[in-house]
Every structure is written in C-alpha cells, then in structure tokens.
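Trainee: This is the content of final24.txt (compact mmCIF, N, CA and C atoms and all ligand atoms):
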```txt
# COMPACT_ATOMS: atom_id res chain seq x y z
N MET S 1 51.25 118.63 189.32
CA MET S 1 49.91 118.49 188.78
C MET S 1 48.90 118.16 189.89
N THR S 2 49.12 118.64 191.07
CA THR S 2 48.18 118.35 192.14
C THR S 2 46.93 119.19 191.96
N GLY S 3 45.82 118.66 192.40
CA GLY S 3 44.58 119.38 192.32
C GLY S 3 43.88 119.27 190.99
N ARG S 4 44.49 118.61 190.04
CA ARG S 4 43.82 118.44 188.75
C ARG S 4 42.96 117.20 188.78
N ARG S 5 41.79 117.35 188.31
CA ARG S 5 40.93 116.17 188.23
C ARG S 5 41.37 115.33 187.05
N LYS S 6 41.29 114.05 187.25
CA LYS S 6 41.74 113.15 186.20
C LYS S 6 40.67 112.99 185.15
N ASP S 7 40.91 113.51 183.99
CA ASP S 7 40.03 113.31 182.85
C ASP S 7 40.27 111.89 182.37
N ASP S 8 39.19 111.16 182.11
CA ASP S 8 39.42 109.76 181.76
C ASP S 8 39.90 109.56 180.32
N ARG S 9 40.06 110.64 179.58
CA ARG S 9 40.68 110.48 178.27
C ARG S 9 42.06 111.11 178.20
N GLU S 10 42.52 111.53 179.35
CA GLU S 10 43.83 112.17 179.40
C GLU S 10 44.91 111.11 179.58
N PRO S 11 46.03 111.28 178.89
CA PRO S 11 47.08 110.28 179.09
C PRO S 11 47.61 110.30 180.52
N PHE S 12 48.07 109.18 180.96
CA PHE S 12 48.65 109.08 182.30
C PHE S 12 49.95 108.30 182.20
N ALA S 13 50.72 108.34 183.26
CA ALA S 13 52.01 107.66 183.24
C ALA S 13 51.84 106.18 183.51
N CYS S 14 52.45 105.38 182.69
CA CYS S 14 52.48 103.93 182.91
C CYS S 14 53.04 103.66 184.30
N GLU S 15 52.35 102.81 185.04
CA GLU S 15 52.78 102.55 186.42
C GLU S 15 54.03 101.68 186.51
N HIS S 16 54.46 101.15 185.39
CA HIS S 16 55.68 100.35 185.41
C HIS S 16 56.89 101.17 184.98
N CYS S 17 56.73 101.93 183.89
CA CYS S 17 57.91 102.59 183.33
C CYS S 17 57.76 104.10 183.21
N GLY S 18 56.56 104.64 183.43
CA GLY S 18 56.38 106.08 183.39
C GLY S 18 56.08 106.66 182.02
N ALA S 19 56.03 105.85 180.99
CA ALA S 19 55.68 106.35 179.65
C ALA S 19 54.23 106.82 179.65
N LEU S 20 53.94 107.84 178.85
CA LEU S 20 52.56 108.30 178.76
C LEU S 20 51.72 107.34 177.94
N VAL S 21 50.60 106.94 178.52
CA VAL S 21 49.69 106.04 177.83
C VAL S 21 48.27 106.58 177.96
N TYR S 22 47.41 106.18 177.04
CA TYR S 22 46.02 106.60 177.09
C TYR S 22 45.20 105.56 177.87
N PRO S 23 44.08 106.02 178.43
CA PRO S 23 43.30 105.10 179.28
C PRO S 23 42.81 103.84 178.57
N ASP S 24 42.68 103.89 177.25
CA ASP S 24 42.24 102.68 176.55
C ASP S 24 43.40 101.79 176.12
N THR S 25 44.60 102.16 176.53
CA THR S 25 45.79 101.38 176.17
C THR S 25 45.80 100.06 176.93
N LYS S 26 45.95 98.99 176.20
CA LYS S 26 46.00 97.68 176.84
C LYS S 26 47.45 97.26 177.08
N ARG S 27 48.36 97.88 176.34
CA ARG S 27 49.73 97.49 176.41
C ARG S 27 50.59 98.72 176.24
N CYS S 28 51.42 99.00 177.20
CA CYS S 28 52.29 100.17 177.13
C CYS S 28 53.23 100.04 175.94
N PRO S 29 53.35 101.11 175.12
CA PRO S 29 54.23 101.01 173.95
C PRO S 29 55.71 100.89 174.34
N GLN S 30 56.03 101.28 175.54
CA GLN S 30 57.44 101.24 175.94
C GLN S 30 57.82 99.92 176.64
N CYS S 31 57.02 99.52 177.61
CA CYS S 31 57.41 98.31 178.35
C CYS S 31 56.54 97.11 177.99
N HIS S 32 55.51 97.34 177.14
CA HIS S 32 54.65 96.25 176.64
C HIS S 32 53.88 95.52 177.73
N ARG S 33 53.63 96.24 178.82
CA ARG S 33 52.83 95.63 179.87
C ARG S 33 51.54 96.41 180.00
N PHE S 34 50.55 95.82 180.66
CA PHE S 34 49.33 96.55 180.96
C PHE S 34 49.74 97.72 181.86
N PRO S 35 49.36 98.97 181.49
CA PRO S 35 49.95 100.13 182.17
C PRO S 35 49.52 100.36 183.61
N ILE S 36 48.51 99.65 184.07
CA ILE S 36 48.12 99.78 185.47
C ILE S 36 48.59 98.54 186.21
N ARG S 37 49.17 98.76 187.37
CA ARG S 37 49.66 97.61 188.12
C ARG S 37 48.51 96.81 188.70
N LEU S 38 48.42 95.60 188.25
CA LEU S 38 47.43 94.67 188.78
C LEU S 38 48.17 93.38 189.09
N HIS S 39 47.87 92.83 190.21
CA HIS S 39 48.46 91.53 190.52
C HIS S 39 47.76 90.45 189.71
N GLN S 40 48.54 89.50 189.28
CA GLN S 40 47.92 88.32 188.70
C GLN S 40 48.45 87.12 189.47
N CYS S 41 47.52 86.40 190.03
CA CYS S 41 47.91 85.26 190.85
C CYS S 41 48.62 84.22 190.00
N PRO S 42 49.84 83.84 190.36
CA PRO S 42 50.55 82.84 189.57
C PRO S 42 49.91 81.45 189.69
N ARG S 43 49.11 81.27 190.70
CA ARG S 43 48.50 79.95 190.89
C ARG S 43 47.21 79.80 190.11
N CYS S 44 46.27 80.75 190.28
CA CYS S 44 44.96 80.57 189.65
C CYS S 44 44.66 81.61 188.57
N LYS S 45 45.60 82.53 188.31
CA LYS S 45 45.47 83.55 187.26
C LYS S 45 44.41 84.61 187.55
N MET S 46 43.92 84.65 188.75
CA MET S 46 42.98 85.69 189.16
C MET S 46 43.70 87.04 189.13
N ILE S 47 42.97 88.07 188.67
CA ILE S 47 43.54 89.41 188.64
C ILE S 47 42.99 90.21 189.80
N ALA S 48 43.88 90.89 190.50
CA ALA S 48 43.48 91.66 191.67
C ALA S 48 44.20 93.00 191.66
N SER S 49 43.65 93.97 192.37
CA SER S 49 44.30 95.27 192.39
C SER S 49 45.64 95.21 193.11
N ALA S 50 46.48 96.21 192.83
CA ALA S 50 47.83 96.23 193.40
C ALA S 50 47.81 96.37 194.92
N GLN S 51 46.70 96.82 195.48
CA GLN S 51 46.62 96.98 196.93
C GLN S 51 46.34 95.66 197.65
N GLU S 52 45.85 94.69 196.91
CA GLU S 52 45.55 93.40 197.54
C GLU S 52 46.85 92.74 198.00
N ILE S 53 46.82 92.13 199.16
CA ILE S 53 48.02 91.44 199.60
C ILE S 53 47.95 89.94 199.33
N ALA S 54 46.76 89.47 199.08
CA ALA S 54 46.62 88.05 198.79
C ALA S 54 45.54 87.86 197.73
N CYS S 55 45.64 86.78 197.00
CA CYS S 55 44.66 86.48 195.96
C CYS S 55 43.28 86.30 196.58
N PRO S 56 42.27 87.03 196.08
CA PRO S 56 40.93 86.88 196.65
C PRO S 56 40.30 85.52 196.34
N ARG S 57 40.81 84.84 195.37
CA ARG S 57 40.21 83.55 195.02
C ARG S 57 40.87 82.39 195.78
N CYS S 58 42.19 82.29 195.70
CA CYS S 58 42.83 81.12 196.30
C CYS S 58 43.64 81.45 197.55
N GLY S 59 43.78 82.74 197.86
CA GLY S 59 44.43 83.11 199.10
C GLY S 59 45.95 83.13 199.06
N ARG S 60 46.53 82.88 197.90
CA ARG S 60 47.99 82.93 197.80
C ARG S 60 48.47 84.36 198.04
N LEU S 61 49.48 84.53 198.85
CA LEU S 61 50.02 85.87 199.10
C LEU S 61 50.77 86.35 197.88
N PHE S 62 50.54 87.62 197.53
CA PHE S 62 51.30 88.21 196.43
C PHE S 62 52.65 88.67 196.93
N GLU S 63 53.61 88.64 196.06
CA GLU S 63 54.92 89.21 196.36
C GLU S 63 54.74 90.72 196.48
N PRO S 64 55.24 91.34 197.55
CA PRO S 64 55.16 92.80 197.60
C PRO S 64 55.96 93.37 196.43
N GLY S 65 55.30 94.20 195.64
CA GLY S 65 55.98 94.79 194.47
C GLY S 65 56.18 93.81 193.33
N GLY S 66 55.55 92.66 193.39
CA GLY S 66 55.74 91.69 192.32
C GLY S 66 54.42 91.06 191.91
N ASP S 67 54.51 90.02 191.14
CA ASP S 67 53.35 89.31 190.61
C ASP S 67 52.43 90.21 189.80
N TYR S 68 53.01 91.20 189.14
CA TYR S 68 52.18 92.07 188.30
C TYR S 68 51.99 91.45 186.93
N MET S 69 50.92 91.89 186.28
CA MET S 69 50.67 91.43 184.92
C MET S 69 51.77 91.93 184.01
ZN ZN S 101 55.29 101.08 180.55
ZN ZN S 102 44.94 82.77 193.22
```
Before anything else, please render the file you have as structure tokens.

Mentor:
Amino acid sequence: MTGRRKDDREPFACEHCGALVYPDTKRCPQCHRFPIRLHQCPRCKMIASAQEIACPRCGRLFEPGGDYM
C-alpha cells in the first residue's frame, strides 16, 4: 500500500496488535489499548509520542518499546 495517501477516515492497523481500527477508535477491539503507540510517563502520567525518549514534563526516560498506554 505504498504511495497511498492516508484518508483520515480509513481504517488503519492497530500499532500494538495489527487489528484494523478506525481513526476515532479510542480502544482497539482486539487488544483493548489505544491503537496508536503513545508513551505515558509512569511517574507524572504525561502523554508523549512514541518517538520521545524521555518525558517532556519530568524528564524520566521511557523504556524503549515500553511505557505505552
Ligand atoms: Zn490492538
Ligand atoms: Zn513524566
């Protein structure tokens, strides 16, 4: 599916389990997690994108591949 523009109402694969979810999905029907990987700081509960290596609020380092919502 390369070269296709992402329609914001098109289903996409859950980043945790690969199930198809819609963009307004708050919870994947298969793994029951928020379908986009976002880090949640275990210390201050700040939410940050998966590319962040440390919490922008308190500076705690995220586990690589972990600390997801
Ligand atoms: Zn899932
Ligand atoms: Zn934090």

Trainee: Name all residues at most 6 Å from region 9-26 of chain S (count only N, CA and C atoms; drop same-chain ones fewer than 6 positions away) and give them as a count of residues only.

Mentor: 5

Trainee: Considering only C-alpha atoms and all ligand atoms, give me a table of residues in chain S that are at most 7 Å from ligand ZN 102 (chain S), with the closest atom pair and distance in Å for each, as JSON lines.

Mentor:
```
{"residue": "S:Cys41", "atom": "CA", "partner": "S:ZN102", "partner_atom": "ZN", "distance": 4.5}
{"residue": "S:Pro42", "atom": "CA", "partner": "S:ZN102", "partner_atom": "ZN", "distance": 6.7}
{"residue": "S:Arg43", "atom": "CA", "partner": "S:ZN102", "partner_atom": "ZN", "distance": 5.1}
{"residue": "S:Cys44", "atom": "CA", "partner": "S:ZN102", "partner_atom": "ZN", "distance": 4.2}
{"residue": "S:Lys45", "atom": "CA", "partner": "S:ZN102", "partner_atom": "ZN", "distance": 6.0}
{"residue": "S:Met46", "atom": "CA", "partner": "S:ZN102", "partner_atom": "ZN", "distance": 5.4}
{"residue": "S:Cys55", "atom": "CA", "partner": "S:ZN102", "partner_atom": "ZN", "distance": 4.6}
{"residue": "S:Pro56", "atom": "CA", "partner": "S:ZN102", "partner_atom": "ZN", "distance": 6.7}
{"residue": "S:Arg57", "atom": "CA", "partner": "S:ZN102", "partner_atom": "ZN", "distance": 5.1}
{"residue": "S:Cys58", "atom": "CA", "partner": "S:ZN102", "partner_atom": "ZN", "distance": 4.1}
{"residue": "S:Gly59", "atom": "CA", "partner": "S:ZN102", "partner_atom": "ZN", "distance": 5.9}
{"residue": "S:Arg60", "atom": "CA", "partner": "S:ZN102", "partner_atom": "ZN", "distance": 5.5}
```

Trainee: What gap, in Å, lies between atom C of Ala54 (chain S) and atom N of Pro29 (chain S)?

Mentor: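 Between these atoms lies a distance of 27.3 Å.
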
Trainee: I need the residues in chain S that are strand (DSSP E or B) according to DSSP; give them as a list in words.

Mentor: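 Assigned to strand (DSSP E or B), within chain S: Phe12, Ala13, Leu20, Val21, Leu38, His39, Gln40, Ile47, Ala48, Ser49, Ala54, Leu61 and Tyr68 of chain S.
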
Trainee: To one decimal place, how far is atom C of Cys31 (chain S) from atom C of Glu52 (chain S) in Å?

Mentor: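 Spanning atom C of Cys31 (chain S) to atom C of Glu52 (chain S) is a straight-line distance of 22.7 Å.
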
Trainee: Grab the atom N of Gln30 (chain S) to atom C of Ser49 (chain S) distance for me, in Å with one decimal place.

Mentor: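 For atom N of Gln30 (chain S) relative to atom C of Ser49 (chain S), the distance reads 21.3 Å.
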
Trainee: Using only N, CA and C atoms and all ligand atoms, can you tell me which of S:Met69, S:Cys28, S:Leu61, S:Leu38 comes closest to ligand ZN 101 (chain S)?

Mentor: S:Cys28

Trainee: Taking all atoms of region 35-39 of chain S that appear in the file, build a box with edges along x, y and z, extend it by 8 Å on every side, and state its centre and edge lengths in Å to one decimal, as JSON.

Mentor:
```
{"center_x": 48.7, "center_y": 95.4, "center_z": 186.0, "size_x": 18.5, "size_y": 25.9, "size_z": 25.0}
```

Trainee: Nearest residue to ligand ZN 101 (chain S) out of S:Arg27, S:Ala48, S:Tyr68, S:Glu63, using only C-alpha atoms and all ligand atoms?

Mentor: S:Arg27
